[in-house]
Amino acid sequence: MDKFAELKSMREHRQYEEDKHEASREAYERDYSRLIHSPTFRRLQGKSQVFGAGTGDYYRTRLTHSLEVAQIARQAAKSLLSRYPEIDEQRGENPGLIIHPEVVECASIAHDFGHPPFGHKGEEVLAHILEDWIEQKTAETLKGRDVSEQERAQIHLQIREKYEHFEGNAHNFRLIMFLEKRENLNGLNLCDAVLLGINKYPYSGLVNKKGLYQHEWQYIRQIREKWGIPDGKTTLEAQLMDLCDDIAYSAHDLEDGIKAGKIEVHEHFMHDPHIRRLIMEKITTLEDRFWKGWDNEQIEAKVDEVLNAYLRVWGEKLPTCGLDYSRTRREVKAYWVNHFVSQLGVIEDQNWKKITFVSNNREDEDMLRTVSVLKSFAWVTMIRDLRVQRLQKRSEWIIRRLWKAFVDQETSMAIIPPDWLQRFEHDQASPEPVWTWERMIIDYIAGMTDAFAEKIYNELYGLKVGSIYDVD
């Protein structure tokens, strides 16, 4: 077998062997179809991006955001292949150092599958619920016992291993590799290249809070070892997907914010000291390496530079768009997307390679900081908006009360959908169960859309119950 055939075989390998009739289409085309036709993909239309899903027909949901990321990533992949022939699958030296546009597109389609209802707030609440549960179980186990700190830490770890954690990226893999259903197996059984293309955080969740749950990590770790990927490194396709997600976020969410009136593109707004202070506060909470060592004065200067650049581009586009704000919004968004994508390149990264913004054959960290400022600008002007904060407070109550309704197995079995109960019973009968009851409940809530979570909440606690013939 020649090198190309060997790498292709490794990349198209699947965890479970499939029937031969499936081989009538290219491997990645089948993966794309499985993702697009999955219930999880459809549910993204009912999950918040920034504004609540259903807020208006203009604003982005997780579905439209994912489609936009996929389009940007596919075009970026084609551009990189034309400039860096060594990353083509015909010439690649390692299966993780290859770019295939369809793999990047599949990874982008799936990159937000694991987001729970109500956006980042929902993710935060589910994470805290599990943390509180683990602390409660640790306290119950230690009650009346006199143990050392070391023994307490050991018991806490054992309980954490049992219940794990909640994180959106990890939940991606729970859905793709376990919760989704095919004829005779759990999960979509995607190609290894697509799985690793989605895997931004290549760690166990016991090591890194953004890492994977143990059930899915076992197989992902096997692929990485087989491919010879260094610890902590990700495939070029995962890196490109991640960067295109940031590019889309920084350009598209600002467009939504302008349309919603949360962002005003004029000097008084862009130079507002309060907004700039909020952006700086957000940046100082980030753990991005390219901000390390920067003091407040340097960060403030960079924020000024980026916001002034945004204002300048707006001022240049407005007259050419006939002073039409709607046209200008679109053109400014397109400018920033093109500006960032055109700067993408491939550089050496110790014993691996990296896709990043490149200038003079070196990583352009200043461009990374520009994206970071625009993302932070979108965050502080929209996420911290009064109405958005009220929605988030309500969503926290909804998720916490759904958890309380379902967490007691004895009293809640009658209000859990039958197919979930069947899955749970089947899982418990297996040699190595994936779930505890509590973990299953977390996965059930995490799969809800915003509207479905509200519906179940209202049926349990509210006055408006809808029809009993509505199908769960």
# chains A, B, ... in the order shown; residues from 1 in each chain; ligands from 1
>>> residues_around(residues="stretch 250-267 of chain A", least_positions_apart="2", cutoff="7 Å", atoms="only C-alpha atoms", output="PyMOL selection string")
chain A and resi 59+246-248+269-271+311+329+333+336-337+371+374-375+378+381-382
>>> select_by_dssp(residues="stretch 73-210 of chain A", states="strand (DSSP E or B)", output="VMD selection string")
chain A and resid 181 to 182 185 to 186 191 204
>>> closest_atom_pairs(of="stretch 42-114 of chain A", to="stretch 171-183 of chain A", cutoff="9 Å", atoms="only C-alpha atoms", output="JSON lines")
{"residue": "A:Ala110", "atom": "CA", "partner": "A:Asn172", "partner_atom": "CA", "distance": 7.5}
{"residue": "A:His111", "atom": "CA", "partner": "A:Asn172", "partner_atom": "CA", "distance": 7.1}
{"residue": "A:Asp112", "atom": "CA", "partner": "A:Asn172", "partner_atom": "CA", "distance": 6.9}
{"residue": "A:Phe113", "atom": "CA", "partner": "A:Asn172", "partner_atom": "CA", "distance": 5.2}
{"residue": "A:Gly114", "atom": "CA", "partner": "A:Asn172", "partner_atom": "CA", "distance": 3.9}
>>> write_last_selection(atoms="N, CA, C and O atoms", output="PDB file, in the first residue's frame")
ATOM      1  N   ALA A 110     -20.646  20.422  12.758  1.00  0.00           N
ATOM      2  CA  ALA A 110     -20.871  19.739  14.038  1.00  0.00           C
ATOM      3  C   ALA A 110     -20.275  20.453  15.240  1.00  0.00           C
ATOM      4  O   ALA A 110     -20.488  20.010  16.371  1.00  0.00           O
ATOM      5  N   HIS A 111     -19.557  21.557  15.039  1.00  0.00           N
ATOM      6  CA  HIS A 111     -18.747  22.099  16.140  1.00  0.00           C
ATOM      7  C   HIS A 111     -19.581  22.615  17.314  1.00  0.00           C
ATOM      8  O   HIS A 111     -19.092  22.693  18.438  1.00  0.00           O
ATOM      9  N   ASP A 112     -20.850  22.960  17.075  1.00  0.00           N
ATOM     10  CA  ASP A 112     -21.710  23.466  18.152  1.00  0.00           C
ATOM     11  C   ASP A 112     -22.831  22.507  18.518  1.00  0.00           C
ATOM     12  O   ASP A 112     -23.783  22.890  19.211  1.00  0.00           O
ATOM     13  N   PHE A 113     -22.746  21.257  18.066  1.00  0.00           N
ATOM     14  CA  PHE A 113     -23.796  20.282  18.384  1.00  0.00           C
ATOM     15  C   PHE A 113     -24.049  20.189  19.885  1.00  0.00           C
ATOM     16  O   PHE A 113     -25.168  20.006  20.331  1.00  0.00           O
ATOM     17  N   GLY A 114     -22.990  20.309  20.665  1.00  0.00           N
ATOM     18  CA  GLY A 114     -23.104  20.059  22.099  1.00  0.00           C
ATOM     19  C   GLY A 114     -23.602  21.216  22.931  1.00  0.00           C
ATOM     20  O   GLY A 114     -23.709  21.087  24.157  1.00  0.00           O
TER      21      GLY A 114
END
>>> select_by_dssp(residues="stretch 295-428 of chain A", states="helix (DSSP H, G or I)", output="number ranges by chain")
A: 296-320, 325-341, 365-383, 386-406, 409-415, 418-428
>>> residues_around(residues="A:Asp443", least_positions_apart="4", cutoff="12 Å", atoms="only C-alpha atoms", output="number ranges by chain")
A: 114-117, 123, 126-127, 130, 163-168, 170-175, 178-180, 213, 403, 406-407, 420, 424, 434-439, 447-448
>>> closest_residue(among="A:Arg400, A:Arg327, A:Lys78, A:His13", to="A:His100", atoms="only C-alpha atoms")
A:Lys78
>>> atom_distance(atom1="atom CA of A:Gly211", atom2="atom CA of A:Cys191")
20.2 Å
>>> closest_residue(among="A:Glu316, A:Glu432, A:Glu135, A:Glu305", to="A:Val373", atoms="only C-alpha atoms")
A:Glu305
>>> closest_residue(among="A:Asp146, A:Trp217, A:Leu97, A:Asn186", to="A:Glu348", atoms="only C-alpha atoms")
A:Leu97
>>> closest_residue(among="A:Thr138, A:Ala77, A:Asp31, A:Glu124", to="A:Ile109", atoms="only C-alpha atoms")
A:Asp31
>>> closest_residue(among="A:Glu331, A:Glu17, A:Asp408, A:Glu454", to="A:Arg394", atoms="only C-alpha atoms")
A:Glu454
>>> residues_around(residues="A:Asp349", least_positions_apart="6", cutoff="10 Å", atoms="only C-alpha atoms", output="PyMOL selection string")
chain A and resi 233+355+363
>>> decode(residues="stretch 116-146 of chain A", atoms="N, CA and C atoms", output="compact mmCIF listing (two decimals), in the first residue's frame")
# COMPACT_ATOMS: atom_id res chain seq x y z
N PRO A 116 -25.99 23.42 24.91
CA PRO A 116 -27.30 23.19 25.52
C PRO A 116 -28.24 24.35 25.22
N PRO A 117 -29.49 24.30 25.72
CA PRO A 117 -30.38 25.44 25.52
C PRO A 117 -29.84 26.69 26.22
N PHE A 118 -30.22 27.85 25.69
CA PHE A 118 -29.89 29.15 26.28
C PHE A 118 -28.39 29.48 26.22
N GLY A 119 -27.73 29.01 25.19
CA GLY A 119 -26.37 29.46 24.91
C GLY A 119 -25.37 29.15 26.01
N HIS A 120 -24.41 30.08 26.16
CA HIS A 120 -23.33 29.87 27.11
C HIS A 120 -23.85 29.83 28.55
N LYS A 121 -24.95 30.52 28.80
CA LYS A 121 -25.51 30.50 30.15
C LYS A 121 -25.97 29.09 30.51
N GLY A 122 -26.62 28.41 29.55
CA GLY A 122 -27.06 27.05 29.80
C GLY A 122 -25.90 26.12 30.10
N GLU A 123 -24.80 26.31 29.37
CA GLU A 123 -23.60 25.50 29.60
C GLU A 123 -23.05 25.74 31.01
N GLU A 124 -23.00 26.99 31.39
CA GLU A 124 -22.48 27.36 32.71
C GLU A 124 -23.34 26.77 33.83
N VAL A 125 -24.66 26.82 33.67
CA VAL A 125 -25.56 26.32 34.71
C VAL A 125 -25.46 24.80 34.85
N LEU A 126 -25.44 24.08 33.74
CA LEU A 126 -25.32 22.63 33.80
C LEU A 126 -24.00 22.21 34.43
N ALA A 127 -22.94 22.96 34.12
CA ALA A 127 -21.63 22.66 34.72
C ALA A 127 -21.69 22.84 36.24
N HIS A 128 -22.32 23.92 36.70
CA HIS A 128 -22.43 24.18 38.14
C HIS A 128 -23.32 23.15 38.83
N ILE A 129 -24.38 22.72 38.15
CA ILE A 129 -25.26 21.71 38.73
C ILE A 129 -24.48 20.43 39.04
N LEU A 130 -23.66 20.00 38.10
CA LEU A 130 -22.89 18.77 38.32
C LEU A 130 -21.81 18.98 39.38
N GLU A 131 -21.17 20.14 39.37
CA GLU A 131 -20.16 20.43 40.40
C GLU A 131 -20.80 20.39 41.80
N ASP A 132 -21.97 21.01 41.92
CA ASP A 132 -22.68 21.01 43.22
C ASP A 132 -23.07 19.59 43.62
N TRP A 133 -23.51 18.79 42.64
CA TRP A 133 -23.91 17.42 42.92
C TRP A 133 -22.72 16.60 43.43
N ILE A 134 -21.57 16.79 42.80
CA ILE A 134 -20.35 16.06 43.21
C ILE A 134 -19.94 16.47 44.63
N GLU A 135 -20.04 17.76 44.92
CA GLU A 135 -19.72 18.23 46.28
C GLU A 135 -20.70 17.64 47.30
N GLN A 136 -21.98 17.59 46.93
CA GLN A 136 -22.99 17.03 47.83
C GLN A 136 -22.71 15.56 48.10
N LYS A 137 -22.41 14.80 47.07
CA LYS A 137 -22.14 13.37 47.23
C LYS A 137 -20.85 13.13 48.02
N THR A 138 -19.87 14.01 47.83
CA THR A 138 -18.62 13.91 48.60
C THR A 138 -18.91 14.13 50.08
N ALA A 139 -19.71 15.16 50.38
CA ALA A 139 -20.06 15.46 51.77
C ALA A 139 -20.83 14.31 52.41
N GLU A 140 -21.77 13.72 51.64
CA GLU A 140 -22.55 12.59 52.17
C GLU A 140 -21.66 11.39 52.46
N THR A 141 -20.69 11.14 51.59
CA THR A 141 -19.77 10.01 51.77
C THR A 141 -18.89 10.21 52.99
N LEU A 142 -18.49 11.47 53.26
CA LEU A 142 -17.57 11.77 54.35
C LEU A 142 -18.27 12.04 55.68
N LYS A 143 -19.59 12.09 55.66
CA LYS A 143 -20.33 12.46 56.88
C LYS A 143 -19.98 11.52 58.04
N GLY A 144 -19.58 12.12 59.16
CA GLY A 144 -19.25 11.37 60.35
C GLY A 144 -17.88 10.69 60.32
N ARG A 145 -17.12 10.91 59.25
CA ARG A 145 -15.80 10.29 59.14
C ARG A 145 -14.71 11.34 59.32
N ASP A 146 -13.65 10.96 60.00
CA ASP A 146 -12.50 11.85 60.19
C ASP A 146 -11.40 11.41 59.22
